[in-house]
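Colleague: File data-v4.txt follows (compact mmCIF, C-alpha atoms):
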# COMPACT_ATOMS: atom_id res chain seq x y z
CA MET A 435 121.73 91.76 75.01
CA LEU A 436 121.88 94.65 72.63
CA VAL A 437 120.55 94.02 69.16
CA ALA A 438 123.40 95.82 67.48
CA ALA A 439 126.88 96.77 68.54
CA VAL A 440 127.66 100.44 68.74
CA ALA A 441 130.27 101.65 66.34
CA ALA A 442 133.33 103.19 67.92
CA GLY A 443 133.21 106.98 68.09
CA SER A 444 129.39 107.18 67.79
CA HIS A 445 128.86 108.19 71.41
CA TRP A 446 128.37 111.80 72.34
CA PHE A 447 129.89 111.73 75.82
CA THR A 448 132.89 110.23 77.55
CA TYR A 449 132.68 109.48 81.24
CA PRO A 450 134.68 112.20 83.04
CA ASN A 451 136.91 110.67 85.68
CA PHE A 452 136.27 113.07 88.56
CA ASP A 453 138.04 112.80 91.88
CA PRO A 454 135.39 111.55 94.33
CA VAL A 455 137.26 113.27 97.17
CA ALA A 456 136.34 116.94 97.49
CA ILE A 457 138.77 117.89 100.27
CA HIS A 458 142.06 116.25 101.20
CA LEU A 459 143.13 116.90 104.80
CA GLY A 460 146.17 114.70 105.29
CA PRO A 461 144.90 111.20 106.13
CA ILE A 462 141.29 112.48 106.17
CA SER A 463 139.34 112.57 102.92
CA ILE A 464 135.99 114.32 102.60
CA ARG A 465 133.98 113.04 99.65
CA TRP A 466 131.48 114.91 97.52
CA TYR A 467 128.91 112.27 98.47
CA GLY A 468 129.14 113.11 102.16
CA LEU A 469 129.01 116.84 101.46
CA THR A 470 125.64 116.46 99.73
CA TYR A 471 124.12 115.12 102.96
CA LEU A 472 125.69 118.00 104.88
CA PHE A 473 124.25 120.46 102.36
CA GLY A 474 120.76 119.00 102.73
CA ALA A 475 120.87 119.12 106.53
CA LEU A 476 122.22 122.69 106.51
CA MET A 477 119.59 123.97 104.07
CA VAL A 478 116.74 122.38 106.04
CA TYR A 479 118.08 123.88 109.28
CA LEU A 480 118.45 127.37 107.76
CA GLN A 481 114.88 127.12 106.49
CA LEU A 482 113.41 125.98 109.80
CA GLN A 483 115.25 128.54 111.95
CA SER A 484 114.14 131.49 109.82
CA ALA A 485 111.54 133.81 111.34
CA ARG A 486 108.97 133.20 108.58
CA SER A 487 109.31 129.43 108.88
CA ARG A 488 109.04 129.54 112.69
CA ALA A 489 105.87 131.61 112.33
CA ARG A 490 104.36 128.81 110.23
CA THR A 491 105.50 125.89 112.39
CA GLY A 492 105.68 127.39 115.89
CA MET A 493 109.21 125.99 116.36
CA THR A 494 112.09 127.54 118.24
CA VAL A 495 115.63 127.70 116.90
CA ASP A 496 116.66 124.99 119.38
CA GLN A 497 113.83 122.78 118.15
CA ALA A 498 114.98 123.29 114.56
CA GLN A 499 118.44 122.07 115.53
CA GLU A 500 116.98 119.11 117.39
CA PHE A 501 114.76 118.13 114.47
CA VAL A 502 117.65 118.11 111.99
CA VAL A 503 119.63 115.80 114.29
CA TYR A 504 116.69 113.38 114.63
CA ALA A 505 115.99 113.43 110.89
CA MET A 506 119.63 112.93 109.85
CA ILE A 507 120.11 110.00 112.21
CA GLY A 508 117.00 108.45 110.67
CA VAL A 509 118.23 109.11 107.13
CA ILE A 510 121.64 107.54 107.75
CA VAL A 511 120.40 104.49 109.66
CA GLY A 512 117.40 103.83 107.42
CA GLY A 513 119.27 104.44 104.18
CA ARG A 514 122.13 102.13 105.15
CA VAL A 515 119.93 99.32 106.50
CA PHE A 516 117.75 99.24 103.38
CA TYR A 517 120.85 99.31 101.16
CA LEU A 518 122.33 96.33 102.99
CA ILE A 519 119.09 94.36 102.72
CA ALA A 520 118.79 95.12 99.00
CA ASP A 521 122.45 94.24 98.43
CA MET A 522 121.99 90.84 100.11
CA LEU A 523 118.81 90.05 98.16
CA THR A 524 119.91 91.28 94.73
CA PRO A 525 121.51 88.70 92.39
CA GLY A 526 125.23 89.49 92.16
CA GLY A 527 125.22 91.42 95.44
CA HIS A 528 127.12 90.58 98.60
CA ALA A 529 125.98 87.66 100.73
CA ALA A 530 125.32 88.16 104.43
CA SER A 531 128.51 86.18 105.18
CA TYR A 532 130.55 88.92 103.47
CA TYR A 533 129.39 91.48 106.03
CA PHE A 534 130.03 89.09 108.92
CA GLN A 535 133.59 88.71 107.65
CA HIS A 536 133.98 92.46 107.05
CA PRO A 537 131.89 94.13 109.80
CA LEU A 538 133.29 97.58 109.04
CA GLU A 539 131.46 97.43 105.69
CA LEU A 540 128.18 97.53 107.58
CA ILE A 541 128.73 101.21 108.39
CA ALA A 542 130.93 102.27 105.45
CA ILE A 543 128.58 105.02 104.30
CA TRP A 544 131.57 107.16 103.31
CA GLU A 545 131.95 104.84 100.32
CA GLY A 546 128.34 105.38 99.23
CA GLY A 547 125.71 102.69 99.55
CA MET A 548 122.52 104.39 100.76
CA ALA A 549 118.97 103.52 99.72
CA PHE A 550 116.63 106.46 99.18
CA HIS A 551 113.47 104.70 100.33
CA GLY A 552 115.20 103.58 103.52
CA GLY A 553 116.49 107.10 104.10
CA LEU A 554 113.00 108.54 103.60
CA ILE A 555 111.43 106.04 105.99
CA GLY A 556 114.22 106.68 108.48
CA ALA A 557 113.65 110.44 108.27
CA VAL A 558 109.92 109.97 108.91
CA VAL A 559 110.66 107.72 111.91
CA GLY A 560 113.17 110.24 113.25
CA SER A 561 110.59 112.99 112.79
CA TRP A 562 108.04 110.91 114.68
CA PHE A 563 110.38 110.63 117.67
CA PHE A 564 110.91 114.39 117.51
CA LEU A 565 107.20 115.15 117.26
CA ARG A 566 106.46 112.95 120.26
CA ARG A 567 108.39 115.46 122.37
CA ASN A 568 107.15 118.61 120.66
CA LYS A 569 103.61 119.73 119.82
CA ILE A 570 104.24 120.64 116.19
CA SER A 571 102.17 119.85 113.10
CA PHE A 572 103.81 117.17 110.93
CA ASN A 573 102.25 118.58 107.75
CA ARG A 574 103.55 122.08 108.39
CA LEU A 575 106.99 120.81 109.34
CA ALA A 576 107.13 118.59 106.24
CA ASP A 577 106.04 121.47 103.99
CA GLU A 578 108.93 123.59 105.25
CA THR A 579 111.50 120.93 104.31
CA SER A 580 110.03 119.85 100.96
CA LEU A 581 111.76 122.37 98.70
CA TRP A 582 115.28 121.41 99.78
CA ILE A 583 114.87 117.63 99.67
CA PRO A 584 114.77 117.32 95.84
CA LEU A 585 117.75 119.69 95.56
CA ALA A 586 119.71 117.54 98.02
CA ILE A 587 118.72 114.39 96.12
CA ALA A 588 119.87 115.94 92.85
CA LEU A 589 123.28 116.77 94.35
CA THR A 590 123.54 113.26 95.80
CA ARG A 591 122.89 111.77 92.36
CA PHE A 592 125.59 113.99 90.89
CA ALA A 593 127.90 112.63 93.60
CA ASN A 594 126.89 109.07 92.62
CA PHE A 595 127.91 109.94 89.08
CA ILE A 596 131.25 111.30 90.26
CA ASN A 597 131.81 108.05 92.17
CA GLY A 598 130.95 106.00 89.09
CA GLU A 599 128.10 104.36 91.00
CA LEU A 600 124.70 103.08 89.85
CA PRO A 601 125.41 102.77 86.11
CA GLY A 602 122.27 102.34 84.04
CA ARG A 603 121.20 99.61 81.66
CA LEU A 604 123.24 98.60 78.64
CA THR A 605 122.32 100.70 75.63
CA ASP A 606 123.30 101.37 72.02
CA SER A 607 122.08 104.95 72.41
CA PRO A 608 124.64 107.69 71.64
CA ILE A 609 124.14 109.06 75.16
CA GLY A 610 125.53 105.85 76.65
CA MET A 611 128.77 106.04 78.63
CA GLN A 612 131.40 103.55 79.71
CA PHE A 613 131.41 103.66 83.50
CA PRO A 614 134.59 102.53 85.29
CA SER A 615 132.58 100.12 87.45
CA ALA A 616 130.65 98.38 84.65
CA VAL A 617 131.13 96.73 81.27
CA GLY A 618 129.72 98.25 78.10
CA TYR A 619 127.96 101.51 77.33
CA ARG A 620 125.24 102.37 79.81
CA TYR A 621 122.66 105.06 80.44
CA PRO A 622 123.76 107.76 82.93
CA SER A 623 120.54 107.09 84.83
CA VAL A 624 121.62 108.95 87.97
CA LEU A 625 121.83 112.14 85.89
CA PHE A 626 118.29 111.49 84.63
CA GLU A 627 117.09 111.34 88.23
CA ALA A 628 119.02 114.49 89.15
CA ALA A 629 117.39 116.34 86.26
CA GLY A 630 113.97 115.06 87.33
CA MET A 631 114.53 116.34 90.86
CA LEU A 632 115.36 119.80 89.55
CA VAL A 633 112.16 119.76 87.48
CA ILE A 634 110.14 118.89 90.62
CA VAL A 635 111.37 122.09 92.29
CA LEU A 636 109.43 124.27 89.83
CA PRO A 637 105.88 123.20 90.79
CA LEU A 638 106.90 123.18 94.46
CA LEU A 639 108.00 126.82 94.13
CA TRP A 640 104.67 127.63 92.51
CA LEU A 641 102.78 125.98 95.37
CA ILE A 642 104.80 127.92 97.93
CA HIS A 643 104.59 131.39 96.39
CA ARG A 644 101.40 131.40 94.30
CA TRP A 645 98.82 129.16 95.90
CA LYS A 646 97.76 131.12 98.96
CA GLY A 647 94.84 128.91 99.98
CA ARG A 648 96.74 125.62 99.99
CA GLY A 649 96.15 123.13 102.77
CA ASP A 650 98.83 122.10 105.22
CA GLY A 651 100.86 119.19 103.84
CA VAL A 652 100.11 119.93 100.18
CA ILE A 653 103.74 120.77 99.35
CA TRP A 654 105.08 117.66 101.09
CA TRP A 655 102.68 115.27 99.39
CA ALA A 656 103.26 116.97 96.04
CA PHE A 657 106.95 116.17 96.49
CA ILE A 658 106.16 112.54 97.38
CA ALA A 659 103.98 112.16 94.26
CA GLY A 660 106.52 113.96 92.08
CA TYR A 661 109.40 111.84 93.28
CA GLY A 662 107.37 108.68 92.77
CA LEU A 663 106.61 109.65 89.17
CA VAL A 664 110.19 110.64 88.32
CA ARG A 665 111.80 107.60 89.93
CA THR A 666 109.32 105.19 88.31
CA ILE A 667 110.34 106.53 84.88
CA VAL A 668 114.06 106.61 85.68
CA GLU A 669 114.01 102.97 86.82
CA PHE A 670 113.44 101.91 83.21
CA TYR A 671 116.98 103.17 82.53
CA ARG A 672 118.65 101.85 85.71
CA GLU A 673 120.17 98.42 86.06
CA PRO A 674 117.31 96.32 87.49
CA GLY A 675 117.66 94.52 90.80
CA ILE A 676 114.82 92.42 92.17
CA VAL A 677 112.17 92.09 89.40
CA TRP A 678 108.55 91.04 89.95
CA LEU A 679 105.79 91.07 87.31
CA GLY A 680 107.96 93.06 84.91
CA LEU A 681 108.79 95.86 87.36
CA ASN A 682 111.69 96.06 89.78
CA ALA A 683 111.28 96.50 93.52
CA ALA A 684 112.05 100.22 93.43
CA GLN A 685 109.30 100.82 90.86
CA TRP A 686 106.67 99.11 93.01
CA LEU A 687 107.70 101.36 95.89
CA THR A 688 107.70 104.53 93.79
CA ILE A 689 104.33 103.72 92.20
CA ALA A 690 102.96 103.37 95.73
CA MET A 691 104.58 106.73 96.59
CA PHE A 692 102.91 108.39 93.60
CA ILE A 693 99.46 107.03 94.47
CA LEU A 694 99.82 107.85 98.17
CA GLY A 695 101.08 111.35 97.33
CA ILE A 696 98.07 112.09 95.10
CA VAL A 697 95.55 110.75 97.63
CA MET A 698 97.07 112.65 100.56
CA TRP A 699 97.46 115.82 98.45
CA ILE A 700 93.72 115.79 97.77
CA ARG A 701 92.90 115.13 101.42
CA CYS A 702 95.16 117.94 102.66
CA GLN A 703 93.76 120.40 100.17
CA ARG A 704 90.20 119.55 101.13
CA ALA A 705 91.09 120.04 104.79
CA GLY A 706 92.35 123.52 103.94
CA PRO A 707 94.93 125.66 105.75
CA THR A 708 95.02 126.17 109.49
CA ALA A 709 95.58 129.50 111.18
CA GLU A 710 99.14 130.81 111.14
CA LEU A 711 100.94 130.36 114.41
CA ALA A 712 102.64 133.07 116.41
CA PRO A 713 106.43 133.12 116.01
CA ALA A 714 108.05 130.77 118.49
CA VAL A 715 109.79 132.43 121.40
CA GLN A 716 113.26 131.22 122.22
CA PRO A 717 113.50 130.40 125.94
CA PRO A 718 115.81 132.81 127.79
CA LYS A 719 119.23 131.53 128.69
CA PRO A 720 120.12 131.46 132.42
CA LYS A 721 122.20 134.39 133.60
CA SER A 722 125.72 133.77 134.71
CA TYR A 723 127.14 135.59 137.71
CA THR A 724 130.80 136.28 138.40
CA ALA A 725 131.86 136.10 142.02
CA ARG A 726 133.47 139.25 143.35
CA ALA A 727 136.54 139.14 145.55
Show how you would write the structure in this file as C-alpha cells.
Modeller:
Amino acid sequence: MLVAAVAAGSHWFTYPNFDPVAIHLGPISIRWYGLTYLFGALMVYLQLQSARSRARTGMTVDQAQEFVVYAMIGVIVGGRVFYLIADMLTPGGHAASYYFQHPLELIAIWEGGMAFHGGLIGAVVGSWFFLRRNKISFNRLADETSLWIPLAIALTRFANFINGELPGRLTDSPIGMQFPSAVGYRYPSVLFEAAGMLVIVLPLLWLIHRWKGRGDGVIWWAFIAGYGLVRTIVEFYREPGIVWLGLNAAQWLTIAMFILGIVMWIRCQRAGPTAELAPAVQPPKPKSYTARA
C-alpha cells in the first residue's frame, strides 16, 4: 500500500492511448509488437550478410539467412514457453486448465506474452542447432548480432507500453501513470528498460569501433552483463511475480546474467582475438539451359 494518496493533478504524464495495431489490412491486423521482432530479425540479417561481417565470421549470405531463421524460431518458441510457465506459476496468473480450455491461447503471440529470458535461451539453442551444421565461431557470430539486440529490445518495450502491458509497481511518484490494464498510478517500468537498452548501445559501439585488440566474444558478453545490470535495477519498479529472499525470479536470473557476463568477458579478453577470416564465397548457382526447337 502507498503511504499517502496522490493528489489529483499532481502527475506529470497521462497514459497516451495508442492504437496497438500499426497496419490495418482488412481482417488482418499487424501490431507494433510483431513489427519489433521483424525489425530485429531484419537488422541482424543485414549485419550478417554484409561483406565486412562475413569477413569476420566466414559466413555466406545463405548461411546468414539460415541463421536468422533458426534464431527466430528459438526466440518465439522459447519466449512463449517461458511466458506460459511464468503465467501459470505467478499468483493471479492463468491456471493450466485455462490453456487446456483455450488451446489457441498457447500460441497467441500476436497479443504479446513473451518472456525475454526464454527468448534468449531459445535463440542460443537455435544458434546451437545452426552451428552444428556450420563450422562458424559462436563468439564471432554473437559479437556481430550484439549491437542490434538491445535496440530490438528497446523497441519491443515501447510496443509493450503501447499495448498497455507490464505496468510497474504502484507509486505516489509524479511520474506514475494510470495504465488501462491496472488500477492506480504505476511506474512506466517498460520505458525504464527501453532507456536502459539504449544506454547499453553506447559502450557496445565503443567496443566495436575503438577497442582494436578485443577478444572474440567480448561484445556479446558485455551485452549479457549490461542487460543483467539494467534489468536487475528495472525489476525494482516492475510489478513483482514470484518472490524469493526479497528478490523476484527475474532478478535472480539477471543477477546470474551479470555475473556470467563479467566472467566470460574477462575470459574472452584474456584469450585475445583470432585471425580474421577470408570473406565467405557464395556457392555458384547451377546454370539453367533452355531447350532449342
Colleague: In Å, with one decimal, what is the gap from CA of Val677 (chain A) to CA of Leu523 (chain A)?
Modeller: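 It comes out at 11.2 Å.
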Colleague: Looking at all atoms listed in the file, which of A:Leu639, A:Ile583, A:Met698, A:Val624 is the one that sits closest to Arg672 (chain A)?
Modeller: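 Answer, going by the shortest atom-to-atom distance: A:Val624.
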Colleague: Measuring atom to atom with all atoms listed in the file, identify which of A:Leu540, A:Leu476, A:Glu673, A:Ser484 is nearest to His528 (chain A).
Modeller: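 The answer is A:Leu540, which sits nearest to His528 (chain A).
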Colleague: Just the number, please: distance in Å from CA of Thr605 (chain A) to CA of Ala520 (chain A), one decimal.
Modeller: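 It comes out at 24.3 Å.
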Colleague: Figure out the distance between CA of Gly552 (chain A) and CA of Ala683 (chain A), please, to one decimal in Å.
Modeller: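 CA of Gly552 (chain A) lies 12.9 Å from CA of Ala683 (chain A).
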Colleague: Which residues are near Ala593 (chain A)? Cut-off 12 Å, all atoms listed in the file, ignore same chain within fewer than 2 positions. Put them as a VMD selection string.
Modeller: chain A and resid 452 to 456 465 to 471 544 to 547 586 to 591 595 to 600 624 to 625 628
Colleague: I want to know what sits within 12 Å of Asn573 (chain A), based on only C-alpha atoms, with residues of the same chain fewer than 6 positions away left out; could you give that as a count of residues only?
Modeller: 26
Colleague: Of the candidates A:Glu500, A:Asp521, A:Glu669, A:Glu627, which one gets nearest to Leu687 (chain A) if we count all atoms listed in the file?
Modeller: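 Nearest to Leu687 (chain A): A:Glu669.
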Colleague: Go through A:Gly680, A:Ser607, A:Gln612, A:Ile634 one by one, measure the shortest atom-to-atom distance of each to Ser444 (chain A) using all atoms listed in the file, and give the residue with the smallest value.
Modeller: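 Of A:Gly680, A:Ser607, A:Gln612, A:Ile634, the one nearest Ser444 (chain A), counting all atoms listed in the file, is A:Ser607.
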Colleague: Compare A:Tyr661, A:Phe516, A:Phe564, A:Phe613 by their minimum atom-to-atom distance to Ala549 (chain A), counting only C-alpha atoms, and give me the closest one.
Modeller: A:Phe516
Colleague: Measuring atom to atom with only C-alpha atoms, identify which of A:Asn451, A:Gln497, A:Asn594, A:Asn682 is nearest to Thr524 (chain A).
Modeller: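 Of A:Asn451, A:Gln497, A:Asn594, A:Asn682, the one nearest Thr524 (chain A), counting only C-alpha atoms, is A:Asn682.
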Colleague: What lies within 6 Å of region 617-622 of chain A using only C-alpha atoms, ignoring chain neighbours under 5 positions off, as a list in words?
Modeller: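 What passes the distance filter is Gly602, Arg603, Leu604, Thr605, Gly610, Met611 and Gln612 of chain A.
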Colleague: Since the input lacks atoms, please generate N, CA and C atoms for region 481-508 of chain A and provide them as a CSV table (one decimal), in the coordinates of the input.
Modeller:
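The result, stored in out.csv:
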chain,number,residue,atom,x,y,z
A,481,GLN,N,116.3,126.9,106.8
A,481,GLN,CA,114.9,127.1,106.5
A,481,GLN,C,114.1,127.1,107.8
A,482,LEU,N,114.2,126.1,108.6
A,482,LEU,CA,113.4,126.0,109.8
A,482,LEU,C,113.7,127.0,110.9
A,483,GLN,N,114.9,127.5,110.9
A,483,GLN,CA,115.2,128.5,112.0
A,483,GLN,C,114.9,130.0,111.5
A,484,SER,N,114.5,130.2,110.3
A,484,SER,CA,114.1,131.5,109.8
A,484,SER,C,112.9,132.0,110.5
A,485,ALA,N,112.7,133.3,110.6
A,485,ALA,CA,111.5,133.8,111.3
A,485,ALA,C,110.2,133.4,110.6
A,486,ARG,N,110.2,133.5,109.3
A,486,ARG,CA,109.0,133.2,108.6
A,486,ARG,C,108.6,131.7,108.7
A,487,SER,N,109.6,130.9,108.7
A,487,SER,CA,109.3,129.4,108.9
A,487,SER,C,108.8,129.1,110.3
A,488,ARG,N,109.5,129.8,111.3
A,488,ARG,CA,109.0,129.5,112.7
A,488,ARG,C,107.6,130.1,112.9
A,489,ALA,N,107.2,131.1,112.2
A,489,ALA,CA,105.9,131.6,112.3
A,489,ALA,C,104.9,130.6,111.8
A,490,ARG,N,105.3,129.8,110.8
A,490,ARG,CA,104.4,128.8,110.2
A,490,ARG,C,104.3,127.5,111.0
A,491,THR,N,105.4,127.2,111.7
A,491,THR,CA,105.5,125.9,112.4
A,491,THR,C,105.4,126.0,113.9
A,492,GLY,N,105.7,127.2,114.4
A,492,GLY,CA,105.7,127.4,115.9
A,492,GLY,C,106.9,126.8,116.6
A,493,MET,N,108.0,126.6,115.8
A,493,MET,CA,109.2,126.0,116.4
A,493,MET,C,110.1,127.1,116.9
A,494,THR,N,111.0,126.7,117.8
A,494,THR,CA,112.1,127.5,118.2
A,494,THR,C,113.3,127.2,117.5
A,495,VAL,N,114.4,128.0,117.6
A,495,VAL,CA,115.6,127.7,116.9
A,495,VAL,C,116.2,126.4,117.5
A,496,ASP,N,116.1,126.2,118.8
A,496,ASP,CA,116.7,125.0,119.4
A,496,ASP,C,115.9,123.8,118.9
A,497,GLN,N,114.6,123.9,118.7
A,497,GLN,CA,113.8,122.8,118.2
A,497,GLN,C,114.2,122.5,116.7
A,498,ALA,N,114.5,123.5,115.9
A,498,ALA,CA,115.0,123.3,114.6
A,498,ALA,C,116.3,122.5,114.5
A,499,GLN,N,117.2,122.8,115.4
A,499,GLN,CA,118.4,122.1,115.5
A,499,GLN,C,118.2,120.6,115.9
A,500,GLU,N,117.3,120.5,116.9
A,500,GLU,CA,117.0,119.1,117.4
A,500,GLU,C,116.3,118.3,116.3
A,501,PHE,N,115.4,118.9,115.5
A,501,PHE,CA,114.8,118.1,114.5
A,501,PHE,C,115.8,117.6,113.4
A,502,VAL,N,116.7,118.5,113.0
A,502,VAL,CA,117.6,118.1,112.0
A,502,VAL,C,118.5,116.9,112.5
A,503,VAL,N,118.9,116.9,113.7
A,503,VAL,CA,119.6,115.8,114.3
A,503,VAL,C,118.8,114.5,114.2
A,504,TYR,N,117.6,114.6,114.7
A,504,TYR,CA,116.7,113.4,114.6
A,504,TYR,C,116.5,112.9,113.2
A,505,ALA,N,116.2,113.8,112.3
A,505,ALA,CA,116.0,113.4,110.9
A,505,ALA,C,117.2,112.8,110.2
A,506,MET,N,118.4,113.4,110.5
A,506,MET,CA,119.6,112.9,109.8
A,506,MET,C,120.0,111.6,110.4
A,507,ILE,N,119.8,111.3,111.7
A,507,ILE,CA,120.1,110.0,112.2
A,507,ILE,C,119.2,109.0,111.5
A,508,GLY,N,117.9,109.3,111.4
A,508,GLY,CA,117.0,108.4,110.7
A,508,GLY,C,117.4,108.2,109.2
